[in-house]
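Structure data follow from input-v4.cif (mmCIF, C-alpha atoms):
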```cif
data_my_file
#
loop_
_atom_site.group_PDB
_atom_site.id
_atom_site.type_symbol
_atom_site.label_atom_id
_atom_site.label_comp_id
_atom_site.auth_asym_id
_atom_site.auth_seq_id
_atom_site.Cartn_x
_atom_site.Cartn_y
_atom_site.Cartn_z
ATOM 1 C CA MET J 1 93.063 45.913 90.474
ATOM 2 C CA THR J 2 89.431 46.673 89.792
ATOM 3 C CA PRO J 3 87.265 49.491 91.071
ATOM 4 C CA CYS J 4 85.359 48.106 93.990
ATOM 5 C CA ALA J 5 82.652 48.970 96.457
ATOM 6 C CA PRO J 6 83.512 51.212 99.396
ATOM 7 C CA PRO J 7 85.657 51.362 101.425
ATOM 8 C CA TYR J 8 88.027 52.560 98.725
ATOM 9 C CA THR J 9 91.280 50.956 99.746
ATOM 10 C CA MET J 10 94.140 49.055 98.134
ATOM 11 C CA CYS J 11 93.906 46.503 100.927
ATOM 12 C CA THR J 12 92.120 43.442 99.656
ATOM 13 C CA SER J 13 91.296 41.244 102.640
ATOM 14 C CA SER J 14 87.849 41.778 104.093
ATOM 15 C CA VAL J 15 89.334 42.273 107.576
ATOM 16 C CA SER J 16 91.634 45.083 106.438
ATOM 17 C CA ARG J 17 88.892 46.675 104.361
ATOM 18 C CA GLU J 18 86.708 46.790 107.427
ATOM 19 C CA LEU J 19 89.652 48.110 109.418
ATOM 20 C CA LYS J 20 90.059 51.020 107.016
ATOM 21 C CA GLN J 21 86.424 51.947 107.478
ATOM 22 C CA ILE J 22 86.727 51.798 111.275
ATOM 23 C CA TYR J 23 89.892 53.894 111.169
ATOM 24 C CA ASP J 24 88.298 56.501 108.858
ATOM 25 C CA ASN J 25 85.327 56.825 111.202
ATOM 26 C CA CYS J 26 87.632 57.131 114.198
ATOM 27 C CA PHE J 27 89.722 59.781 112.430
ATOM 28 C CA ASN J 28 86.769 61.840 111.160
ATOM 29 C CA ASN J 29 85.296 61.874 114.625
ATOM 30 C CA TRP J 30 88.622 62.811 116.248
ATOM 31 C CA PHE J 31 89.259 65.520 113.638
ATOM 32 C CA VAL J 32 85.986 67.318 114.374
ATOM 33 C CA GLU J 33 85.627 66.679 118.087
ATOM 34 C CA LYS J 34 89.256 67.033 119.148
ATOM 35 C CA PHE J 35 91.718 68.374 116.594
ATOM 36 C CA LEU J 36 89.682 71.302 115.236
ATOM 37 C CA LYS J 37 88.904 72.241 118.847
ATOM 38 C CA GLY J 38 92.583 72.497 119.722
ATOM 39 C CA ASP J 39 93.181 69.058 121.284
ATOM 40 C CA ASN J 40 96.355 67.609 119.788
ATOM 41 C CA ASN J 41 96.295 64.233 121.489
ATOM 42 C CA ASP J 42 95.930 61.683 118.684
ATOM 43 C CA VAL J 43 96.243 58.480 120.733
ATOM 44 C CA GLN J 44 92.541 57.708 120.146
ATOM 45 C CA CYS J 45 93.044 56.208 116.662
ATOM 46 C CA ALA J 46 96.787 55.433 116.842
ATOM 47 C CA THR J 47 96.520 51.629 117.130
ATOM 48 C CA LEU J 48 93.964 51.408 114.328
ATOM 49 C CA LEU J 49 96.178 53.591 112.138
ATOM 50 C CA LYS J 50 99.230 51.415 112.734
ATOM 51 C CA VAL J 51 97.483 48.172 111.757
ATOM 52 C CA TYR J 52 95.776 49.790 108.763
ATOM 53 C CA LYS J 53 99.054 51.373 107.546
ATOM 54 C CA ASP J 54 100.782 47.968 107.635
ATOM 55 C CA CYS J 55 98.217 46.594 105.220
ATOM 56 C CA VAL J 56 98.593 49.609 102.890
ATOM 57 C CA GLU J 57 102.352 49.095 102.833
ATOM 58 C CA LYS J 58 101.885 45.447 101.939
ATOM 59 C CA ALA J 59 99.425 46.374 99.176
ATOM 60 C CA MET J 60 101.852 48.949 97.748
ATOM 61 C CA LYS J 61 104.575 46.283 97.554
ATOM 62 C CA GLU J 62 102.154 43.945 95.782
ATOM 63 C CA HIS J 63 101.383 46.676 93.238
ATOM 64 C CA GLN J 64 105.100 47.358 92.760
ATOM 65 C CA ILE J 65 104.802 50.958 93.817
ATOM 66 C CA ASP J 66 108.158 52.623 94.363
ATOM 67 C CA LEU J 67 108.140 53.028 98.158
ATOM 68 C CA HIS J 68 111.163 55.304 98.092
ATOM 69 C CA ASP J 69 109.353 57.748 95.784
ATOM 70 C CA VAL J 70 106.297 57.572 98.052
ATOM 71 C CA GLU J 71 108.323 58.435 101.142
ATOM 72 C CA ILE J 72 109.868 61.615 99.746
ATOM 73 C CA ASN J 73 108.164 64.750 101.011
ATOM 74 C CA HIS J 74 107.689 67.624 98.581
ATOM 75 C CA LEU J 75 105.465 70.012 100.525
ATOM 76 C CA GLU J 76 107.472 72.420 102.733
ATOM 77 C CA THR J 77 110.765 71.178 101.217
ATOM 78 C CA ASN J 78 112.946 72.597 98.430
ATOM 79 C CA LYS J 79 111.065 70.262 96.052
ATOM 80 C CA GLU J 80 107.870 72.270 96.465
ATOM 81 C CA LYS J 81 106.881 74.277 93.359
ATOM 82 C CA ILE J 82 106.491 78.010 93.805
ATOM 83 C CA PRO J 83 103.891 79.939 91.756
ATOM 84 C CA PRO J 84 105.439 82.480 89.348
ATOM 85 C CA SER J 85 105.186 86.002 90.708
ATOM 86 C CA MET H 1 108.829 74.045 79.621
ATOM 87 C CA VAL H 2 106.464 74.044 82.546
ATOM 88 C CA LYS H 3 102.914 75.221 82.068
ATOM 89 C CA TYR H 4 101.411 76.988 85.056
ATOM 90 C CA PHE H 5 97.731 77.351 85.642
ATOM 91 C CA ALA H 6 95.816 78.913 88.532
ATOM 92 C CA SER H 7 92.212 79.073 89.599
ATOM 93 C CA SER H 8 90.260 80.133 92.607
ATOM 94 C CA THR H 9 87.012 78.662 93.905
ATOM 95 C CA ILE H 10 84.646 79.878 96.595
ATOM 96 C CA PHE H 11 82.891 77.277 98.722
ATOM 97 C CA GLN H 12 79.878 78.672 100.551
ATOM 98 C CA PHE H 13 80.789 76.642 103.628
ATOM 99 C CA ASN H 14 83.015 77.742 106.475
ATOM 100 C CA TRP H 15 86.620 76.613 106.796
ATOM 101 C CA ASP H 16 85.907 74.021 109.512
ATOM 102 C CA GLN H 17 83.203 72.476 107.335
ATOM 103 C CA VAL H 18 85.418 72.397 104.232
ATOM 104 C CA THR H 19 88.340 70.760 106.078
ATOM 105 C CA GLN H 20 86.010 68.110 107.529
ATOM 106 C CA GLY H 21 84.586 67.530 104.079
ATOM 107 C CA PHE H 22 88.063 67.293 102.573
ATOM 108 C CA TRP H 23 88.629 63.872 104.205
ATOM 109 C CA ARG H 24 85.234 62.650 103.083
ATOM 110 C CA ARG H 25 85.200 63.889 99.489
ATOM 111 C CA TYR H 26 85.115 60.382 97.996
ATOM 112 C CA PRO H 27 82.937 58.848 96.806
ATOM 113 C CA ASN H 28 80.843 61.552 95.181
ATOM 114 C CA PRO H 29 78.917 61.522 91.879
ATOM 115 C CA ASN H 30 81.951 63.006 90.073
ATOM 116 C CA SER H 31 84.577 60.694 91.549
ATOM 117 C CA SER H 32 83.967 57.444 89.702
ATOM 118 C CA HIS H 33 87.622 57.610 88.584
ATOM 119 C CA VAL H 34 88.878 57.346 92.182
ATOM 120 C CA VAL H 35 89.596 53.703 92.874
ATOM 121 C CA SER H 36 91.244 53.889 96.282
ATOM 122 C CA GLU H 37 92.444 56.340 98.916
ATOM 123 C CA ASP H 38 94.757 55.167 101.653
ATOM 124 C CA ILE H 39 96.752 56.747 104.431
ATOM 125 C CA ILE H 40 100.525 56.335 104.226
ATOM 126 C CA SER H 41 101.467 58.531 107.167
ATOM 127 C CA ARG H 42 99.821 60.902 109.569
ATOM 128 C CA GLU H 43 101.289 62.874 112.458
ATOM 129 C CA ILE H 44 100.927 66.100 114.418
ATOM 130 C CA LYS H 45 103.861 68.542 114.347
ATOM 131 C CA ASP H 46 103.721 72.017 115.953
ATOM 132 C CA GLY H 47 99.959 71.751 116.339
ATOM 133 C CA LYS H 48 99.483 71.013 112.623
ATOM 134 C CA LEU H 49 98.237 67.755 111.120
ATOM 135 C CA TYR H 50 100.530 66.324 108.428
ATOM 136 C CA SER H 51 99.003 63.580 106.303
ATOM 137 C CA LYS H 52 100.165 61.685 103.261
ATOM 138 C CA ARG H 53 97.684 59.682 101.249
ATOM 139 C CA LEU H 54 97.953 57.449 98.219
ATOM 140 C CA LEU H 55 95.132 57.837 95.723
ATOM 141 C CA THR H 56 94.623 55.502 92.800
ATOM 142 C CA LYS H 57 92.651 56.830 89.880
ATOM 143 C CA THR H 58 91.689 55.420 86.526
ATOM 144 C CA ASN H 59 93.758 57.095 83.884
ATOM 145 C CA ARG H 60 91.691 58.872 81.270
ATOM 146 C CA ILE H 61 93.988 59.554 78.358
ATOM 147 C CA PRO H 62 93.196 60.316 74.728
ATOM 148 C CA LYS H 63 93.797 57.635 72.076
ATOM 149 C CA TRP H 64 96.926 59.362 70.798
ATOM 150 C CA GLY H 65 98.434 59.308 74.276
ATOM 151 C CA GLU H 66 98.145 55.563 74.675
ATOM 152 C CA ARG H 67 101.494 54.912 73.033
ATOM 153 C CA PHE H 68 103.139 56.784 75.903
ATOM 154 C CA ILE H 69 101.056 55.632 78.816
ATOM 155 C CA ASN H 70 99.573 52.192 78.523
ATOM 156 C CA LYS H 71 98.617 51.782 82.140
ATOM 157 C CA ASN H 72 95.042 51.947 83.265
ATOM 158 C CA TYR H 73 95.727 53.342 86.691
ATOM 159 C CA VAL H 74 97.700 56.256 87.959
ATOM 160 C CA ASN H 75 98.951 56.566 91.523
ATOM 161 C CA ILE H 76 98.863 59.965 93.157
ATOM 162 C CA ILE H 77 100.563 61.095 96.347
ATOM 163 C CA GLU H 78 98.664 63.732 98.273
ATOM 164 C CA GLU H 79 100.462 65.585 101.041
ATOM 165 C CA SER H 80 98.406 67.867 103.253
ATOM 166 C CA ILE H 81 98.832 70.142 106.234
ATOM 167 C CA VAL H 82 95.933 71.304 108.393
ATOM 168 C CA ASP H 83 96.672 74.317 110.566
ATOM 169 C CA PRO H 84 93.624 74.653 112.844
ATOM 170 C CA LYS H 85 94.930 77.791 114.568
ATOM 171 C CA ASP H 86 95.445 79.977 111.496
ATOM 172 C CA LYS H 87 92.769 78.012 109.597
ATOM 173 C CA ILE H 88 94.821 77.022 106.575
ATOM 174 C CA LEU H 89 94.590 73.706 104.736
ATOM 175 C CA VAL H 90 97.273 73.057 102.138
ATOM 176 C CA THR H 91 97.178 70.087 99.798
ATOM 177 C CA TYR H 92 99.921 69.135 97.371
ATOM 178 C CA THR H 93 99.513 66.280 94.920
ATOM 179 C CA ARG H 94 101.876 64.691 92.445
ATOM 180 C CA ASN H 95 101.644 61.652 90.210
ATOM 181 C CA LEU H 96 103.906 58.688 90.869
ATOM 182 C CA GLY H 97 105.640 57.123 87.900
ATOM 183 C CA PHE H 98 105.669 58.221 84.255
ATOM 184 C CA THR H 99 106.595 61.746 85.348
ATOM 185 C CA LYS H 100 108.716 62.101 82.164
ATOM 186 C CA VAL H 101 105.603 61.665 80.048
ATOM 187 C CA MET H 102 103.399 63.929 82.073
ATOM 188 C CA ASN H 103 104.138 65.426 85.435
ATOM 189 C CA VAL H 104 101.183 67.111 87.065
ATOM 190 C CA ILE H 105 101.595 68.898 90.362
ATOM 191 C CA GLU H 106 98.679 70.553 92.068
ATOM 192 C CA LYS H 107 98.713 72.737 95.147
ATOM 193 C CA VAL H 108 95.501 73.949 96.761
ATOM 194 C CA VAL H 109 95.365 76.379 99.672
ATOM 195 C CA TYR H 110 92.047 76.607 101.525
ATOM 196 C CA THR H 111 91.588 79.704 103.691
ATOM 197 C CA ILE H 112 88.734 81.795 105.077
ATOM 198 C CA SER H 113 87.256 83.940 102.304
ATOM 199 C CA GLU H 114 87.984 87.643 102.603
ATOM 200 C CA GLU H 115 84.610 88.299 101.012
ATOM 201 C CA ASN H 116 82.642 86.429 103.653
ATOM 202 C CA PRO H 117 84.073 84.804 106.826
ATOM 203 C CA LYS H 118 81.462 82.049 106.538
ATOM 204 C CA TRP H 119 82.933 81.012 103.191
ATOM 205 C CA THR H 120 86.154 79.306 102.156
ATOM 206 C CA VAL H 121 88.348 80.155 99.215
ATOM 207 C CA ALA H 122 90.417 77.466 97.504
ATOM 208 C CA LYS H 123 93.378 78.795 95.531
ATOM 209 C CA ARG H 124 94.617 76.173 93.133
ATOM 210 C CA SER H 125 97.974 76.156 91.331
ATOM 211 C CA VAL H 126 98.891 73.560 88.772
ATOM 212 C CA TRP H 127 102.156 72.826 87.020
ATOM 213 C CA ILE H 128 102.096 70.568 83.992
ATOM 214 C CA ASP H 129 105.286 69.329 82.457
ATOM 215 C CA SER H 130 106.270 66.757 79.878
ATOM 216 C CA SER H 131 109.614 65.827 78.403
ATOM 217 C CA VAL H 132 108.441 63.565 75.605
ATOM 218 C CA PHE H 133 110.140 64.990 72.513
ATOM 219 C CA GLY H 134 107.745 66.515 70.000
ATOM 220 C CA PHE H 135 104.670 65.553 71.925
ATOM 221 C CA SER H 136 105.311 67.519 75.069
ATOM 222 C CA LEU H 137 103.330 70.535 73.870
ATOM 223 C CA ALA H 138 100.345 68.486 72.833
ATOM 224 C CA ILE H 139 100.425 66.513 76.052
ATOM 225 C CA GLN H 140 100.660 69.697 78.074
ATOM 226 C CA ALA H 141 97.763 71.253 76.206
ATOM 227 C CA PHE H 142 95.749 68.105 76.768
ATOM 228 C CA GLY H 143 96.622 68.177 80.450
ATOM 229 C CA LEU H 144 95.544 71.789 80.752
ATOM 230 C CA ASP H 145 92.259 71.246 78.972
ATOM 231 C CA ARG H 146 91.535 68.298 81.228
ATOM 232 C CA PHE H 147 92.538 70.349 84.259
ATOM 233 C CA LYS H 148 90.009 73.079 83.433
ATOM 234 C CA LYS H 149 87.219 70.530 83.077
ATOM 235 C CA ASN H 150 88.307 68.604 86.152
ATOM 236 C CA ALA H 151 88.561 71.702 88.340
ATOM 237 C CA THR H 152 84.864 72.422 87.786
ATOM 238 C CA LYS H 153 83.940 68.779 88.205
ATOM 239 C CA MET H 154 85.999 68.476 91.380
ATOM 240 C CA SER H 155 84.440 71.480 93.106
ATOM 241 C CA ASP H 156 80.970 70.271 92.053
ATOM 242 C CA GLY H 157 81.740 66.905 93.669
ATOM 243 C CA PHE H 158 83.126 68.555 96.788
ATOM 244 C CA ASN H 159 80.053 70.833 97.047
ATOM 245 C CA TYR H 160 77.827 67.769 96.754
ATOM 246 C CA ILE H 161 79.537 66.145 99.765
ATOM 247 C CA LEU H 162 79.479 69.393 101.775
ATOM 248 C CA ALA H 163 75.784 69.894 101.036
ATOM 249 C CA HIS H 164 75.077 66.387 102.342
ATOM 250 C CA MET H 165 77.199 66.863 105.458
ATOM 251 C CA PHE H 166 75.801 70.317 106.231
ATOM 252 C CA PRO H 167 72.287 70.526 104.775
ATOM 253 C CA ASN H 168 71.389 73.599 106.837
ATOM 254 C CA THR H 169 74.293 75.596 105.414
ATOM 255 C CA ALA H 170 73.517 74.310 101.922
ATOM 256 C CA MET H 171 69.974 75.640 102.168
ATOM 257 C CA SER H 172 71.226 79.208 102.480
ATOM 258 C CA MET H 173 73.642 78.906 99.558
ATOM 259 C CA ASN H 174 73.389 81.336 96.699
ATOM 260 C CA PRO H 175 73.112 79.183 93.580
ATOM 261 C CA ASN H 176 73.737 82.147 91.275
ATOM 262 C CA LEU H 177 77.126 82.943 92.707
ATOM 263 C CA SER H 178 79.850 82.473 90.177
ATOM 264 C CA GLN H 179 82.202 80.101 91.909
ATOM 265 C CA MET H 180 85.173 79.756 89.633
ATOM 266 C CA GLY H 181 87.828 82.110 88.390
ATOM 267 C CA PHE H 182 90.609 81.041 86.055
ATOM 268 C CA SER H 183 93.913 82.495 85.102
ATOM 269 C CA ASP H 184 96.429 80.830 82.944
ATOM 270 C CA LYS H 185 100.009 81.815 82.317
ATOM 271 C CA ASN H 186 103.342 80.422 81.294
ATOM 272 C CA ILE H 187 106.370 80.506 83.484
ATOM 273 C CA GLU H 188 108.414 81.610 80.478
ATOM 274 C CA PRO H 189 106.411 84.356 78.721
ATOM 275 C CA SER H 190 108.444 84.053 75.506
ATOM 276 C CA ILE H 191 107.030 80.573 75.063
ATOM 277 C CA THR H 192 103.423 81.776 74.873
ATOM 278 C CA ARG H 193 103.445 81.544 71.096
ATOM 279 C CA LEU H 194 104.499 77.902 71.308
ATOM 280 C CA THR H 195 101.748 77.153 73.776
ATOM 281 C CA HIS H 196 99.230 78.495 71.336
ATOM 282 C CA ALA H 197 100.809 76.218 68.816
ATOM 283 C CA ALA H 198 100.168 73.379 71.224
ATOM 284 C CA GLU H 199 96.547 74.359 71.541
ATOM 285 C CA ASP H 200 96.295 74.564 67.758
ATOM 286 C CA LEU H 201 97.851 71.143 67.525
ATOM 287 C CA GLN H 202 95.358 69.806 69.973
ATOM 288 C CA HIS H 203 92.502 71.411 68.078
ATOM 289 C CA SER H 204 93.759 69.891 64.882
ATOM 290 C CA LEU H 205 93.790 66.515 66.594
ATOM 291 C CA GLN H 206 90.230 67.142 67.686
ATOM 292 C CA ASP H 207 89.328 68.292 64.167
ATOM 293 C CA ARG H 208 90.737 65.107 62.779
ATOM 294 C CA ALA H 209 88.727 63.094 65.274
ATOM 295 C CA GLU H 210 85.609 65.078 64.298
ATOM 296 C CA LYS H 211 86.260 64.375 60.603
ATOM 297 C CA VAL H 212 86.563 60.664 61.271
ATOM 298 C CA LYS H 213 83.373 60.813 63.297
ATOM 299 C CA ASP H 214 81.605 62.714 60.473
ATOM 300 C CA ALA H 215 82.764 60.170 57.939
ATOM 301 C CA ALA H 216 81.495 57.382 60.154
ATOM 302 C CA LYS H 217 78.168 59.174 60.537
ATOM 303 C CA LYS H 218 77.862 59.647 56.768
ATOM 304 C CA ALA H 219 78.616 55.971 56.230
ATOM 305 C CA THR H 220 76.005 54.995 58.815
ATOM 306 C CA ASN H 221 73.417 57.281 57.221
ATOM 307 C CA LEU H 222 74.219 55.900 53.804
ATOM 308 C CA ALA H 223 73.900 52.377 55.109
ATOM 309 C CA LYS H 224 70.587 53.299 56.743
ATOM 310 C CA GLN H 225 69.302 54.808 53.493
ATOM 311 C CA LYS H 226 70.309 51.723 51.576
ATOM 312 C CA THR H 227 68.718 49.409 54.084
ATOM 313 C CA GLN H 228 65.585 51.538 54.447
ATOM 314 C CA PRO H 229 63.631 49.751 51.742
ATOM 315 C CA VAL H 230 64.644 46.390 53.171
ATOM 316 C CA TYR H 231 63.763 47.590 56.660
ATOM 317 C CA ALA H 232 60.416 48.961 55.430
ATOM 318 C CA ALA H 233 59.718 45.719 53.672
ATOM 319 C CA THR H 234 60.091 43.777 56.876
ATOM 320 C CA GLN H 235 57.604 46.023 58.719
ATOM 321 C CA PRO H 236 54.077 44.649 58.913
#
```
Render the structure in this file as structure tokens.
Amino acid sequence: MTPCAPPYTMCTSSVSRELKQIYDNCFNNWFVEKFLKGDNNDVQCATLLKVYKDCVEKAMKEHQIDLHDVEINHLETNKEKIPPS
Amino acid sequence: MVKYFASSTIFQFNWDQVTQGFWRRYPNPNSSHVVSEDIISREIKDGKLYSKRLLTKTNRIPKWGERFINKNYVNIIEESIVDPKDKILVTYTRNLGFTKVMNVIEKVVYTISEENPKWTVAKRSVWIDSSVFGFSLAIQAFGLDRFKKNATKMSDGFNYILAHMFPNTAMSMNPNLSQMGFSDKNIEPSITRLTHAAEDLQHSLQDRAEKVKDAAKKATNLAKQKTQPVYAATQP
């Protein structure tokens, strides 16, 4: 893996790299125009996200990243670290 | 032993601006080490946005650490929760793999500044842990030193992005405002002495590096002196 030009993604094919950029734009727009204004409907970018996520999953397998470790949530679980009082 | 470190940063941008900027932090002039950022999952629960991202960064480790970590890239999992109602953004990052060598966990909570409602305060907590026998203290001290430098670099990079996204707000920023506050404590106070030992150890490693550098410099100077006449002779 080498550092590459934006978009900064693990996905390597040019189609999926473009897809990531389109998804990011969709999300950033939705975040400002909808989510921060109290609209919780996230259907707008859902299809893009699904296709883009599939490619990330494939890339993680190619890079031998431990998917199980990735899936575990720490935040808001008993795994979350608590600052000393 | 776990080393705990905390800092607090003021961003002179409001909470909505900072949370928008959070997703667009990379690339910035201080993020050349970030190779990729990808979404693993994203969903809305109870009106809050839960995201998990995978970040890949180049791994900057000192020479003496290479025998423990000989990988060029480190994968980081970033969990985040955006609560738009109470205006709280929480991020929690952990490194994937070689957690025995060095486990770094960072939690940042972004809220509206009590000082000024148009500003955002980021409270950062970091836990650094290593279980490599004998080297754990040195590795922890190294991690801490790097954390201090990176914390400043990171908020500079973030400010750069925010200033580009919101130039009007940036124009009214007070450049003289001290933006960072650090505190640094151990979870087990009795270990403080040992931590100092770790810092001493690290300094001694640095000293040694300096000595080698000095020796190299002396050798270069000597070589230059010796070659000076030859060099002068070749000048027209």
Quick one: which chain H residues come within 7 Å of chain J, and what is the nearest atom pair for each with the distance in Å to one decimal, counting all atoms listed in the file, rows ordered by chain and ascending number, as CSV?
```
residue,atom,partner,partner_atom,distance
H:Gln20,CA,J:Val32,CA,6.9
H:Val35,CA,J:Pro3,CA,5.1
H:Ser36,CA,J:Tyr8,CA,4.3
H:Glu37,CA,J:Thr9,CA,5.6
H:Asp38,CA,J:Thr9,CA,5.8
H:Ile39,CA,J:Lys53,CA,6.6
H:Ile40,CA,J:Lys53,CA,6.1
H:Gly47,CA,J:Asn40,CA,6.5
H:Ile77,CA,J:Val70,CA,6.9
H:Glu79,CA,J:Leu75,CA,6.7
H:Pro84,CA,J:Leu36,CA,5.7
H:Tyr92,CA,J:Leu75,CA,6.4
H:Ile187,CA,J:Pro84,CA,6.3
```
Translate the PyMOL selection byres ((chain H and resi 18) around 12), as applied to the file shown, into an explicit residue set as a PDB file with C-alpha atoms, in the coordinates of the input.
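Written out: expr14.pdb:
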```
ATOM      1  CA  VAL J  32      85.986  67.318 114.374  1.00  0.00           C
ATOM      2  CA  LEU J  36      89.682  71.302 115.236  1.00  0.00           C
TER       3      LEU J  36
ATOM      4  CA  ILE H  10      84.646  79.878  96.595  1.00  0.00           C
ATOM      5  CA  PHE H  11      82.891  77.277  98.722  1.00  0.00           C
ATOM      6  CA  GLN H  12      79.878  78.672 100.551  1.00  0.00           C
ATOM      7  CA  PHE H  13      80.789  76.642 103.628  1.00  0.00           C
ATOM      8  CA  ASN H  14      83.015  77.742 106.475  1.00  0.00           C
ATOM      9  CA  TRP H  15      86.620  76.613 106.796  1.00  0.00           C
ATOM     10  CA  ASP H  16      85.907  74.021 109.512  1.00  0.00           C
ATOM     11  CA  GLN H  17      83.203  72.476 107.335  1.00  0.00           C
ATOM     12  CA  THR H  19      88.340  70.760 106.078  1.00  0.00           C
ATOM     13  CA  GLN H  20      86.010  68.110 107.529  1.00  0.00           C
ATOM     14  CA  GLY H  21      84.586  67.530 104.079  1.00  0.00           C
ATOM     15  CA  PHE H  22      88.063  67.293 102.573  1.00  0.00           C
ATOM     16  CA  TRP H  23      88.629  63.872 104.205  1.00  0.00           C
ATOM     17  CA  ARG H  24      85.234  62.650 103.083  1.00  0.00           C
ATOM     18  CA  ARG H  25      85.200  63.889  99.489  1.00  0.00           C
ATOM     19  CA  VAL H  82      95.933  71.304 108.393  1.00  0.00           C
ATOM     20  CA  LYS H  87      92.769  78.012 109.597  1.00  0.00           C
ATOM     21  CA  ILE H  88      94.821  77.022 106.575  1.00  0.00           C
ATOM     22  CA  LEU H  89      94.590  73.706 104.736  1.00  0.00           C
ATOM     23  CA  VAL H 109      95.365  76.379  99.672  1.00  0.00           C
ATOM     24  CA  TYR H 110      92.047  76.607 101.525  1.00  0.00           C
ATOM     25  CA  THR H 111      91.588  79.704 103.691  1.00  0.00           C
ATOM     26  CA  ILE H 112      88.734  81.795 105.077  1.00  0.00           C
ATOM     27  CA  SER H 113      87.256  83.940 102.304  1.00  0.00           C
ATOM     28  CA  LYS H 118      81.462  82.049 106.538  1.00  0.00           C
ATOM     29  CA  TRP H 119      82.933  81.012 103.191  1.00  0.00           C
ATOM     30  CA  THR H 120      86.154  79.306 102.156  1.00  0.00           C
ATOM     31  CA  VAL H 121      88.348  80.155  99.215  1.00  0.00           C
ATOM     32  CA  ALA H 122      90.417  77.466  97.504  1.00  0.00           C
ATOM     33  CA  SER H 155      84.440  71.480  93.106  1.00  0.00           C
ATOM     34  CA  PHE H 158      83.126  68.555  96.788  1.00  0.00           C
ATOM     35  CA  ASN H 159      80.053  70.833  97.047  1.00  0.00           C
ATOM     36  CA  TYR H 160      77.827  67.769  96.754  1.00  0.00           C
ATOM     37  CA  ILE H 161      79.537  66.145  99.765  1.00  0.00           C
ATOM     38  CA  LEU H 162      79.479  69.393 101.775  1.00  0.00           C
ATOM     39  CA  ALA H 163      75.784  69.894 101.036  1.00  0.00           C
ATOM     40  CA  MET H 165      77.199  66.863 105.458  1.00  0.00           C
ATOM     41  CA  PHE H 166      75.801  70.317 106.231  1.00  0.00           C
ATOM     42  CA  THR H 169      74.293  75.596 105.414  1.00  0.00           C
TER      43      THR H 169
END
```
Worksheet item: Within 7 Å of segment 97-105 of chain H, counting only C-alpha atoms, which residues qualify if same-chain residues fewer than 4 places away don't, as a VMD selection string?
Response: chain H and resid 68 93 126 to 132
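Of the listed residues H:Arg94, H:His33, H:Lys3, H:Arg42, the one whose atoms come nearest to Asn150 of chain H is H:His33, with distances taken using only C-alpha atoms.
Taking only C-alpha atoms into account, Leu54 of chain H lies nearest to H:Asn95 out of the set H:Asn95, H:Ser136, H:Asn72, H:Asn28.
Among the candidates J:Leu67, J:Val51, J:Ala59, J:Val43, the one nearest to Ile22 of chain J when counting only C-alpha atoms is J:Val51.
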Worksheet item: Just how far from atom CA of Asn116 of chain H is atom CA of Met171 of chain H, in Å to one decimal?
Response: 16.7 Å
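Across the model, the gap from atom CA of Thr56 of chain H to atom CA of Gln21 of chain J is 17.2 Å.
Atom to atom, atom CA of Tyr23 of chain J and atom CA of Leu49 of chain H stand 16.2 Å apart.
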